[in-house]
Every structure is written in structure tokens, then in C-alpha cells.
>>> print(open('coords.pdb').read())   # PDB, C-alpha atoms
ATOM      1  CA  MET A  14     243.161  84.570  43.223  1.00  0.00           C
ATOM      2  CA  GLU A  15     246.248  82.342  43.324  1.00  0.00           C
ATOM      3  CA  PHE A  16     248.091  81.126  46.390  1.00  0.00           C
ATOM      4  CA  GLU A  17     251.753  80.319  46.808  1.00  0.00           C
ATOM      5  CA  PRO A  18     252.824  76.793  47.725  1.00  0.00           C
ATOM      6  CA  VAL A  19     253.606  76.367  51.407  1.00  0.00           C
ATOM      7  CA  ALA A  20     256.640  74.640  52.820  1.00  0.00           C
ATOM      8  CA  PRO A  21     255.985  71.738  55.173  1.00  0.00           C
ATOM      9  CA  VAL A  22     256.776  72.541  58.797  1.00  0.00           C
ATOM     10  CA  ARG A  23     258.423  69.880  60.881  1.00  0.00           C
ATOM     11  CA  ALA A  24     257.213  69.155  64.388  1.00  0.00           C
ATOM     12  CA  TYR A  25     260.434  70.343  66.054  1.00  0.00           C
ATOM     13  CA  GLN A  26     259.937  73.791  64.468  1.00  0.00           C
ATOM     14  CA  ARG A  27     256.558  74.091  66.161  1.00  0.00           C
ATOM     15  CA  VAL A  28     258.183  73.178  69.466  1.00  0.00           C
ATOM     16  CA  VAL A  29     260.846  75.848  68.928  1.00  0.00           C
ATOM     17  CA  GLU A  30     258.198  78.455  68.038  1.00  0.00           C
ATOM     18  CA  GLN A  31     256.166  77.788  71.190  1.00  0.00           C
ATOM     19  CA  ILE A  32     259.180  77.973  73.480  1.00  0.00           C
ATOM     20  CA  GLU A  33     260.442  81.139  71.783  1.00  0.00           C
ATOM     21  CA  GLU A  34     257.018  82.762  72.133  1.00  0.00           C
ATOM     22  CA  ALA A  35     256.930  81.876  75.836  1.00  0.00           C
ATOM     23  CA  VAL A  36     260.354  83.485  76.327  1.00  0.00           C
ATOM     24  CA  PHE A  37     259.601  86.607  74.281  1.00  0.00           C
ATOM     25  CA  SER A  38     256.265  87.137  76.043  1.00  0.00           C
ATOM     26  CA  GLY A  39     257.895  86.820  79.477  1.00  0.00           C
ATOM     27  CA  ARG A  40     255.995  83.716  80.538  1.00  0.00           C
ATOM     28  CA  ILE A  41     259.415  82.052  80.780  1.00  0.00           C
ATOM     29  CA  LYS A  42     262.192  84.260  82.149  1.00  0.00           C
ATOM     30  CA  PRO A  43     266.004  84.086  82.015  1.00  0.00           C
ATOM     31  CA  GLY A  44     267.191  81.645  84.657  1.00  0.00           C
ATOM     32  CA  ASP A  45     264.004  79.576  84.517  1.00  0.00           C
ATOM     33  CA  ARG A  46     264.233  75.896  83.634  1.00  0.00           C
ATOM     34  CA  LEU A  47     262.323  74.170  80.903  1.00  0.00           C
ATOM     35  CA  PRO A  48     260.653  70.875  81.774  1.00  0.00           C
ATOM     36  CA  SER A  49     262.640  67.676  81.351  1.00  0.00           C
ATOM     37  CA  GLU A  50     262.803  65.947  77.982  1.00  0.00           C
ATOM     38  CA  ARG A  51     260.216  63.428  79.126  1.00  0.00           C
ATOM     39  CA  GLU A  52     257.821  66.144  80.284  1.00  0.00           C
ATOM     40  CA  LEU A  53     258.291  68.101  77.049  1.00  0.00           C
ATOM     41  CA  MET A  54     257.465  64.953  75.087  1.00  0.00           C
ATOM     42  CA  VAL A  55     254.211  64.636  77.016  1.00  0.00           C
ATOM     43  CA  GLN A  56     253.242  68.317  76.778  1.00  0.00           C
ATOM     44  CA  PHE A  57     253.949  68.617  73.059  1.00  0.00           C
ATOM     45  CA  GLY A  58     252.780  65.121  72.157  1.00  0.00           C
ATOM     46  CA  VAL A  59     255.956  64.340  70.195  1.00  0.00           C
ATOM     47  CA  GLY A  60     258.795  61.836  70.323  1.00  0.00           C
ATOM     48  CA  ARG A  61     262.186  62.184  71.997  1.00  0.00           C
ATOM     49  CA  SER A  62     264.003  62.893  68.717  1.00  0.00           C
ATOM     50  CA  THR A  63     261.698  65.850  68.007  1.00  0.00           C
ATOM     51  CA  VAL A  64     262.275  67.343  71.451  1.00  0.00           C
ATOM     52  CA  ARG A  65     266.030  66.885  71.184  1.00  0.00           C
ATOM     53  CA  GLU A  66     266.141  68.548  67.768  1.00  0.00           C
ATOM     54  CA  ALA A  67     264.137  71.508  69.083  1.00  0.00           C
ATOM     55  CA  LEU A  68     266.475  71.856  72.065  1.00  0.00           C
ATOM     56  CA  ARG A  69     269.480  71.653  69.752  1.00  0.00           C
ATOM     57  CA  VAL A  70     268.101  74.539  67.663  1.00  0.00           C
ATOM     58  CA  LEU A  71     267.371  76.629  70.761  1.00  0.00           C
ATOM     59  CA  GLN A  72     270.815  75.955  72.161  1.00  0.00           C
ATOM     60  CA  ALA A  73     272.477  76.893  68.856  1.00  0.00           C
ATOM     61  CA  ALA A  74     270.538  80.174  69.008  1.00  0.00           C
ATOM     62  CA  GLU A  75     271.855  80.630  72.571  1.00  0.00           C
ATOM     63  CA  MET A  76     268.365  80.836  74.017  1.00  0.00           C
ATOM     64  CA  ILE A  77     268.946  77.897  76.350  1.00  0.00           C
ATOM     65  CA  ARG A  78     271.833  76.028  77.940  1.00  0.00           C
ATOM     66  CA  SER A  79     271.390  72.282  78.192  1.00  0.00           C
ATOM     67  CA  ARG A  80     273.755  69.980  80.075  1.00  0.00           C
ATOM     68  CA  PRO A  81     273.629  66.218  79.450  1.00  0.00           C
ATOM     69  CA  GLY A  82     272.174  64.382  82.407  1.00  0.00           C
ATOM     70  CA  ASP A  83     270.991  67.526  84.190  1.00  0.00           C
ATOM     71  CA  PRO A  84     267.681  66.499  85.828  1.00  0.00           C
ATOM     72  CA  ARG A  85     266.571  70.130  86.226  1.00  0.00           C
ATOM     73  CA  GLY A  86     265.967  70.693  82.506  1.00  0.00           C
ATOM     74  CA  PRO A  87     267.533  73.250  80.126  1.00  0.00           C
ATOM     75  CA  GLU A  88     268.187  76.735  81.519  1.00  0.00           C
ATOM     76  CA  VAL A  89     266.711  79.743  79.704  1.00  0.00           C
ATOM     77  CA  LEU A  90     269.426  82.330  78.963  1.00  0.00           C
ATOM     78  CA  ALA A  91     269.188  86.112  78.973  1.00  0.00           C
ATOM     79  CA  ALA A  92     269.580  87.919  75.673  1.00  0.00           C
ATOM     80  CA  SER A  93     273.287  88.436  75.064  1.00  0.00           C
ATOM     81  CA  PRO A  94     274.966  91.211  73.045  1.00  0.00           C
ATOM     82  CA  ALA A  95     277.645  88.680  72.095  1.00  0.00           C
ATOM     83  CA  ALA A  96     275.005  86.302  70.739  1.00  0.00           C
ATOM     84  CA  LEU A  97     273.419  89.126  68.746  1.00  0.00           C
ATOM     85  CA  HIS A  98     276.836  90.070  67.406  1.00  0.00           C
ATOM     86  CA  ARG A  99     277.454  86.518  66.182  1.00  0.00           C
ATOM     87  CA  SER A 100     273.999  86.252  64.624  1.00  0.00           C
ATOM     88  CA  MET A 101     274.347  89.552  62.790  1.00  0.00           C
ATOM     89  CA  HIS A 102     277.822  88.642  61.598  1.00  0.00           C
ATOM     90  CA  ARG A 103     276.534  85.389  60.100  1.00  0.00           C
ATOM     91  CA  LEU A 104     273.710  87.281  58.389  1.00  0.00           C
ATOM     92  CA  ALA A 105     276.027  89.989  57.054  1.00  0.00           C
ATOM     93  CA  ARG A 106     278.357  87.362  55.577  1.00  0.00           C
ATOM     94  CA  ALA A 107     275.520  85.498  53.857  1.00  0.00           C
ATOM     95  CA  ASP A 108     276.025  84.896  50.140  1.00  0.00           C
ATOM     96  CA  HIS A 109     272.768  86.593  49.177  1.00  0.00           C
ATOM     97  CA  LEU A 110     273.927  89.933  50.609  1.00  0.00           C
ATOM     98  CA  GLY A 111     276.200  91.951  48.361  1.00  0.00           C
ATOM     99  CA  LEU A 112     278.391  94.942  49.073  1.00  0.00           C
ATOM    100  CA  SER A 113     275.694  97.343  47.863  1.00  0.00           C
ATOM    101  CA  GLU A 114     273.242  96.159  50.545  1.00  0.00           C
ATOM    102  CA  LEU A 115     275.917  96.120  53.244  1.00  0.00           C
ATOM    103  CA  LEU A 116     277.182  99.569  52.332  1.00  0.00           C
ATOM    104  CA  GLN A 117     273.637 100.933  52.174  1.00  0.00           C
ATOM    105  CA  PHE A 118     272.954  99.504  55.641  1.00  0.00           C
ATOM    106  CA  ARG A 119     276.157 100.991  57.008  1.00  0.00           C
ATOM    107  CA  MET A 120     275.299 104.411  55.556  1.00  0.00           C
ATOM    108  CA  VAL A 121     271.916 104.251  57.321  1.00  0.00           C
ATOM    109  CA  LEU A 122     273.516 103.097  60.591  1.00  0.00           C
ATOM    110  CA  ASP A 123     276.407 105.550  60.604  1.00  0.00           C
ATOM    111  CA  GLY A 124     274.223 108.449  59.503  1.00  0.00           C
ATOM    112  CA  SER A 125     271.772 107.763  62.337  1.00  0.00           C
ATOM    113  CA  ALA A 126     274.522 107.181  64.896  1.00  0.00           C
ATOM    114  CA  HIS A 127     276.252 110.449  64.018  1.00  0.00           C
ATOM    115  CA  LEU A 128     272.943 112.315  64.181  1.00  0.00           C
ATOM    116  CA  LEU A 129     272.154 110.943  67.642  1.00  0.00           C
ATOM    117  CA  ALA A 130     275.703 111.312  68.945  1.00  0.00           C
ATOM    118  CA  ALA A 131     275.714 115.013  68.097  1.00  0.00           C
ATOM    119  CA  GLN A 132     272.576 115.515  70.187  1.00  0.00           C
ATOM    120  CA  LEU A 133     273.331 113.162  73.080  1.00  0.00           C
ATOM    121  CA  ARG A 134     277.110 113.327  73.528  1.00  0.00           C
ATOM    122  CA  THR A 135     278.566 114.256  76.879  1.00  0.00           C
ATOM    123  CA  GLU A 136     281.901 115.840  77.726  1.00  0.00           C
ATOM    124  CA  GLU A 137     283.194 112.328  78.444  1.00  0.00           C
ATOM    125  CA  HIS A 138     282.217 111.209  74.946  1.00  0.00           C
ATOM    126  CA  LEU A 139     283.948 114.237  73.431  1.00  0.00           C
ATOM    127  CA  ALA A 140     287.080 113.411  75.412  1.00  0.00           C
ATOM    128  CA  GLU A 141     286.989 109.865  73.991  1.00  0.00           C
ATOM    129  CA  LEU A 142     286.658 111.221  70.468  1.00  0.00           C
ATOM    130  CA  ASP A 143     289.478 113.711  71.025  1.00  0.00           C
ATOM    131  CA  ALA A 144     291.747 110.894  72.230  1.00  0.00           C
ATOM    132  CA  ALA A 145     290.883 108.689  69.249  1.00  0.00           C
ATOM    133  CA  LEU A 146     291.479 111.556  66.836  1.00  0.00           C
ATOM    134  CA  GLU A 147     294.859 112.296  68.374  1.00  0.00           C
ATOM    135  CA  ALA A 148     295.768 108.619  68.031  1.00  0.00           C
ATOM    136  CA  MET A 149     294.791 108.829  64.352  1.00  0.00           C
ATOM    137  CA  ARG A 150     297.107 111.804  63.893  1.00  0.00           C
ATOM    138  CA  GLU A 151     299.950 109.791  65.405  1.00  0.00           C
ATOM    139  CA  GLY A 152     298.970 106.804  63.279  1.00  0.00           C
ATOM    140  CA  VAL A 153     299.632 108.715  60.062  1.00  0.00           C
ATOM    141  CA  SER A 154     303.357 108.547  60.834  1.00  0.00           C
ATOM    142  CA  LYS A 155     303.331 105.219  62.721  1.00  0.00           C
ATOM    143  CA  GLY A 156     301.584 103.214  60.025  1.00  0.00           C
ATOM    144  CA  PHE A 157     298.184 102.031  58.891  1.00  0.00           C
ATOM    145  CA  ALA A 158     297.741  99.430  61.660  1.00  0.00           C
ATOM    146  CA  GLU A 159     297.922 102.143  64.313  1.00  0.00           C
ATOM    147  CA  PHE A 160     295.781 104.489  62.241  1.00  0.00           C
ATOM    148  CA  SER A 161     293.114 101.838  61.632  1.00  0.00           C
ATOM    149  CA  HIS A 162     292.937 100.895  65.313  1.00  0.00           C
ATOM    150  CA  ALA A 163     292.342 104.549  66.246  1.00  0.00           C
ATOM    151  CA  ASP A 164     289.789 104.897  63.437  1.00  0.00           C
ATOM    152  CA  VAL A 165     287.792 101.991  64.868  1.00  0.00           C
ATOM    153  CA  ALA A 166     287.985 103.537  68.356  1.00  0.00           C
ATOM    154  CA  PHE A 167     286.603 106.802  66.945  1.00  0.00           C
ATOM    155  CA  HIS A 168     283.581 105.082  65.388  1.00  0.00           C
ATOM    156  CA  GLU A 169     282.959 102.985  68.493  1.00  0.00           C
ATOM    157  CA  ALA A 170     282.968 106.140  70.629  1.00  0.00           C
ATOM    158  CA  ILE A 171     280.353 107.703  68.351  1.00  0.00           C
ATOM    159  CA  ALA A 172     278.174 104.593  68.631  1.00  0.00           C
ATOM    160  CA  ARG A 173     278.478 104.593  72.436  1.00  0.00           C
ATOM    161  CA  ALA A 174     277.500 108.259  72.536  1.00  0.00           C
ATOM    162  CA  THR A 175     274.075 107.284  71.141  1.00  0.00           C
ATOM    163  CA  GLY A 176     273.389 105.252  74.266  1.00  0.00           C
ATOM    164  CA  ASN A 177     271.935 102.473  72.126  1.00  0.00           C
ATOM    165  CA  PRO A 178     273.703  99.091  72.394  1.00  0.00           C
ATOM    166  CA  LEU A 179     272.005  97.864  69.200  1.00  0.00           C
ATOM    167  CA  LEU A 180     273.700 100.623  67.227  1.00  0.00           C
ATOM    168  CA  VAL A 181     277.021  99.700  68.841  1.00  0.00           C
ATOM    169  CA  ILE A 182     276.703  96.020  67.928  1.00  0.00           C
ATOM    170  CA  SER A 183     275.251  96.574  64.457  1.00  0.00           C
ATOM    171  CA  GLY A 184     277.929  99.112  63.635  1.00  0.00           C
ATOM    172  CA  GLU A 185     280.734  96.801  64.717  1.00  0.00           C
ATOM    173  CA  VAL A 186     279.445  93.932  62.601  1.00  0.00           C
ATOM    174  CA  VAL A 187     278.694  95.816  59.393  1.00  0.00           C
ATOM    175  CA  ARG A 188     281.837  97.945  59.614  1.00  0.00           C
ATOM    176  CA  GLY A 189     283.959  94.823  59.969  1.00  0.00           C
ATOM    177  CA  VAL A 190     282.367  92.970  57.075  1.00  0.00           C
ATOM    178  CA  VAL A 191     282.567  95.962  54.725  1.00  0.00           C
ATOM    179  CA  LEU A 192     286.242  96.410  55.596  1.00  0.00           C
ATOM    180  CA  GLU A 193     286.896  92.729  54.883  1.00  0.00           C
ATOM    181  CA  LEU A 194     285.331  93.093  51.454  1.00  0.00           C
ATOM    182  CA  ILE A 195     287.324  96.183  50.463  1.00  0.00           C
ATOM    183  CA  GLU A 196     290.533  95.614  52.426  1.00  0.00           C
ATOM    184  CA  ASP A 197     292.623  96.044  49.291  1.00  0.00           C
ATOM    185  CA  LYS A 198     291.809  99.789  49.090  1.00  0.00           C
ATOM    186  CA  LEU A 199     294.861 100.757  51.145  1.00  0.00           C
ATOM    187  CA  GLU A 200     296.846  97.744  49.990  1.00  0.00           C
ATOM    188  CA  HIS A 201     296.855  99.130  46.441  1.00  0.00           C
ATOM    189  CA  ALA A 202     296.738 102.841  47.250  1.00  0.00           C
ATOM    190  CA  ASP A 203     299.438 104.848  45.459  1.00  0.00           C
ATOM    191  CA  ASP A 204     299.981 107.065  48.497  1.00  0.00           C
ATOM    192  CA  ARG A 205     298.846 105.583  51.792  1.00  0.00           C
ATOM    193  CA  THR A 206     299.902 108.634  53.775  1.00  0.00           C
ATOM    194  CA  ALA A 207     297.821 110.960  51.601  1.00  0.00           C
ATOM    195  CA  LEU A 208     294.821 108.653  51.960  1.00  0.00           C
ATOM    196  CA  MET A 209     295.176 108.541  55.739  1.00  0.00           C
ATOM    197  CA  ARG A 210     295.495 112.331  55.875  1.00  0.00           C
ATOM    198  CA  SER A 211     292.293 112.732  53.874  1.00  0.00           C
ATOM    199  CA  TRP A 212     290.466 110.391  56.252  1.00  0.00           C
ATOM    200  CA  LEU A 213     291.910 112.300  59.204  1.00  0.00           C
ATOM    201  CA  THR A 214     290.524 115.560  57.806  1.00  0.00           C
ATOM    202  CA  HIS A 215     287.112 113.936  57.472  1.00  0.00           C
ATOM    203  CA  HIS A 216     287.150 112.765  61.092  1.00  0.00           C
ATOM    204  CA  GLU A 217     288.164 116.238  62.268  1.00  0.00           C
ATOM    205  CA  GLU A 218     285.145 117.664  60.444  1.00  0.00           C
ATOM    206  CA  VAL A 219     282.872 115.033  61.973  1.00  0.00           C
ATOM    207  CA  LEU A 220     284.124 115.778  65.481  1.00  0.00           C
ATOM    208  CA  GLY A 221     283.608 119.486  64.878  1.00  0.00           C
ATOM    209  CA  ALA A 222     279.988 118.850  63.899  1.00  0.00           C
ATOM    210  CA  ILE A 223     279.379 116.602  66.914  1.00  0.00           C
ATOM    211  CA  ARG A 224     281.000 119.115  69.256  1.00  0.00           C
ATOM    212  CA  ALA A 225     278.714 121.810  67.802  1.00  0.00           C
ATOM    213  CA  SER A 226     275.667 119.492  68.210  1.00  0.00           C
ATOM    214  CA  ASP A 227     275.082 119.744  64.463  1.00  0.00           C
ATOM    215  CA  GLY A 228     273.633 116.293  63.919  1.00  0.00           C
ATOM    216  CA  GLU A 229     272.503 116.858  60.340  1.00  0.00           C
ATOM    217  CA  ARG A 230     275.995 117.903  59.244  1.00  0.00           C
ATOM    218  CA  ALA A 231     277.617 115.002  61.100  1.00  0.00           C
ATOM    219  CA  SER A 232     275.185 112.590  59.447  1.00  0.00           C
ATOM    220  CA  ARG A 233     275.805 114.010  55.966  1.00  0.00           C
ATOM    221  CA  LEU A 234     279.571 113.837  56.445  1.00  0.00           C
ATOM    222  CA  ALA A 235     279.373 110.188  57.544  1.00  0.00           C
ATOM    223  CA  LYS A 236     277.254 109.055  54.605  1.00  0.00           C
ATOM    224  CA  ARG A 237     279.189 111.034  52.019  1.00  0.00           C
ATOM    225  CA  ALA A 238     282.526 109.654  53.223  1.00  0.00           C
ATOM    226  CA  LEU A 239     281.274 106.081  53.022  1.00  0.00           C
ATOM    227  CA  TYR A 240     279.976 106.641  49.511  1.00  0.00           C
ATOM    228  CA  ASP A 241     283.135 108.382  48.330  1.00  0.00           C
ATOM    229  CA  ASN A 242     285.424 105.706  49.771  1.00  0.00           C
ATOM    230  CA  TYR A 243     283.551 102.524  48.938  1.00  0.00           C
ATOM    231  CA  ALA A 244     281.006 103.083  46.143  1.00  0.00           C
ATOM    232  CA  GLU A 245     283.675 102.331  43.549  1.00  0.00           C
ATOM    233  CA  TYR A 246     283.534  98.699  44.704  1.00  0.00           C
ATOM    234  CA  VAL A 247     279.788  98.525  43.987  1.00  0.00           C
ATOM    235  CA  PRO A 248     278.654  97.740  40.410  1.00  0.00           C
ATOM    236  CA  GLU A 249     277.611 100.975  38.754  1.00  0.00           C
ATOM    237  CA  GLU A 250     274.013  99.870  38.194  1.00  0.00           C
ATOM    238  CA  GLN A 251     273.631  99.210  41.946  1.00  0.00           C
ATOM    239  CA  ARG A 252     274.902 102.582  43.132  1.00  0.00           C
ATOM    240  CA  ARG A 253     271.389 103.977  42.764  1.00  0.00           C
ATOM    241  CA  LEU A 254     270.594 102.090  45.993  1.00  0.00           C
ATOM    242  CA  LEU A 255     273.064 104.347  47.800  1.00  0.00           C
ATOM    243  CA  GLN A 256     272.508 107.736  46.210  1.00  0.00           C
ATOM    244  CA  PRO A 257     269.160 108.627  47.893  1.00  0.00           C
ATOM    245  CA  LEU A 258     270.988 108.540  51.228  1.00  0.00           C
ATOM    246  CA  LEU A 259     273.183 111.428  50.114  1.00  0.00           C
ATOM    247  CA  ALA A 260     270.265 113.864  49.749  1.00  0.00           C
TER     248      ALA A 260
END
>>> encode(input="coords.pdb", output="C-alpha cells")
Amino acid sequence: MEFEPVAPVRAYQRVVEQIEEAVFSGRIKPGDRLPSERELMVQFGVGRSTVREALRVLQAAEMIRSRPGDPRGPEVLAASPAALHRSMHRLARADHLGLSELLQFRMVLDGSAHLLAAQLRTEEHLAELDAALEAMREGVSKGFAEFSHADVAFHEAIARATGNPLLVISGEVVRGVVLELIEDKLEHADDRTALMRSWLTHHEEVLGAIRASDGERASRLAKRALYDNYAEYVPEEQRRLLQPLLA
């Protein structure tokens, strides 16, 4: 048997891990205060620089808020959708993630969101989708900026219909990054109006499936449209990562 080399762990990382575990387990709750720097030094048996580095990492992760000179100690923050959004956006823009992985992830997300939305949507959600679709129709003649804004509203309404804020946040992040990577699709389209009309037809079909509570059809439509629109930007040898999602 062979073992892999291990990376050395610095003391501040151990401090971060213990504080994170205390927060995740509920032993420390949002609004609670951590001990002062001096007390943390005593409890962890480390120097001031180690404690300050650990607090810096926790503050950058938006787990705590620390004010210089505050004698009460750093405040533990509640989990924030905005913080999750920023973290996911940084991850999605990482160099080691290519368009194939991002597009695959979006196909999984959108397929699941459409499936759930078809089963869980209310009349209010349908009204939102109707309004967004009508705005898309108007956008065909007004221009792509208007059309795109309504398109985003349509997808956001589907995500909200799932009732799951993680799907809302994840969808926003991945959708935005994928669009940034392929933003030249419309820029170089021979006929923008024809392209917008084809996307409008797709959204009408999706809304019909959601209105009929046909989650499987809505999911298939979502994944197929993503593949048809964006797979051309993925190297041919990597498209196999996407194709199983079309089954």
C-alpha cells in the first residue's frame, strides 16, 4: 500500500476549522460573540498573529464581523444568500472550470428546477411567467436588451416556483457566467430577430408544460435548449459530458 504526501496545515487553519465546526453544529449561533483575541490565544494556545489570521479568513468568508477595538469580540453572522452568491460566483469563474462543466451543471440545475416548478407552481407563479413571456414577445421588436431582461425574469420565476433558495442562487450564478462566456452568440448572429423568435417559441413550450404540470417535458425542453444553443462552444470531445443529460 502507498500513501499520498500530506500538505502541512498551519495553526490558523486549525483555529478556523474549530470555529466553523462550532458554528455549523449550533454551539455558536448567529449574533453570538467570539471571545476576545487574548482569550482566543489562551484557549487555542497560539500567538496573536495566528488568531488574527484565522479571524481574517473567517471575516473574508463572511462568517464573522470584526470591528477594530471592539471589546466584545467578533460577531458571528447568519448565513447569507448574498455571501453564497459571491462564493459560488468565484468558484464558477475559477480557471479550472471550463464551459463544459458549467454548461453540464446548468443543464442539471435547470432540468431539476423546471421539473419541480411544474409540480409546485401556484397561480401566482404562472402569472409571473405569463408576464415575463409577454415582455419577451415585446422584446423581439424592442431589441435584445429588453428581450434578455425578460428572459432572465422568466428563468428567475421558474427558480422561485421551486421554493428552494439554493436553486435560485445557483441558477443566477451559473446562468450569468455561461452567458458571459458565450455572449458573442447574438453579437454575431446573422438574424437576431429570428434567433429571438426561436427562443420565444421554446419558452412558450416550457410554460405550456409547466402549466400542464408536465415536469418531465419541461425538464427535457430546458436541457435540450441549453445543449442546442451552447454545445457548439464546447470542444467536440467534451460534449459527451452533456449528452447523457438529454436521455
>>> residues_around(input="coords.pdb", residues="A:Asn177", least_positions_apart="5", cutoff="12 Å", atoms="only C-alpha atoms", output="PyMOL selection string")
chain A and resi 94+122+125-126+129-130+133+169-172+182-184
>>> atom_distance(input="coords.pdb", atom1="atom CA of A:Ala92", atom2="atom CA of A:Glu34")
14.0 Å
>>> atom_distance(input="coords.pdb", atom1="atom CA of A:Gln256", atom2="atom CA of A:Met209")
24.6 Å
>>> resolve_selection(input="coords.pdb", expression="the PyMOL selection byres ((chain A and resi 230-244) around 10)", output="number ranges by chain")
A: 112-113, 116-117, 119-131, 191-192, 194-195, 198, 212, 215-216, 218-229, 245-249, 251-252, 255-256, 258-260
>>> residues_around(input="coords.pdb", residues="stretch 41-53 of chain A", least_positions_apart="2", cutoff="12 Å", atoms="all atoms listed in the file", output="ChimeraX atom specification")
/A:25,28-29,31-39,55-68,71,75-93
>>> resolve_selection(input="coords.pdb", expression="the PyMOL selection byres ((chain A and resi 139-149) around 6)", output="ChimeraX atom specification")
/A:136-138,150-152,160,163,166-167
>>> atom_distance(input="coords.pdb", atom1="atom CA of A:Val186", atom2="atom CA of A:Val165")
11.8 Å
>>> axis_aligned_box(input="coords.pdb", around="stretch 38-56 of chain A", padding_each_side="5 Å", output="lines of an AutoDock Vina configuration file")
center_x = 260.2
center_y = 75.3
center_z = 79.9
size_x = 23.9
size_y = 33.7
size_z = 19.6
>>> closest_residue(input="coords.pdb", among="A:Arg173, A:Arg205, A:Val190, A:Leu179", to="A:Ala158", atoms="only C-alpha atoms")
A:Arg205
>>> closest_residue(input="coords.pdb", among="A:Leu213, A:Arg99, A:Leu115, A:Thr175", to="A:Ala74", atoms="all atoms listed in the file")
A:Arg99
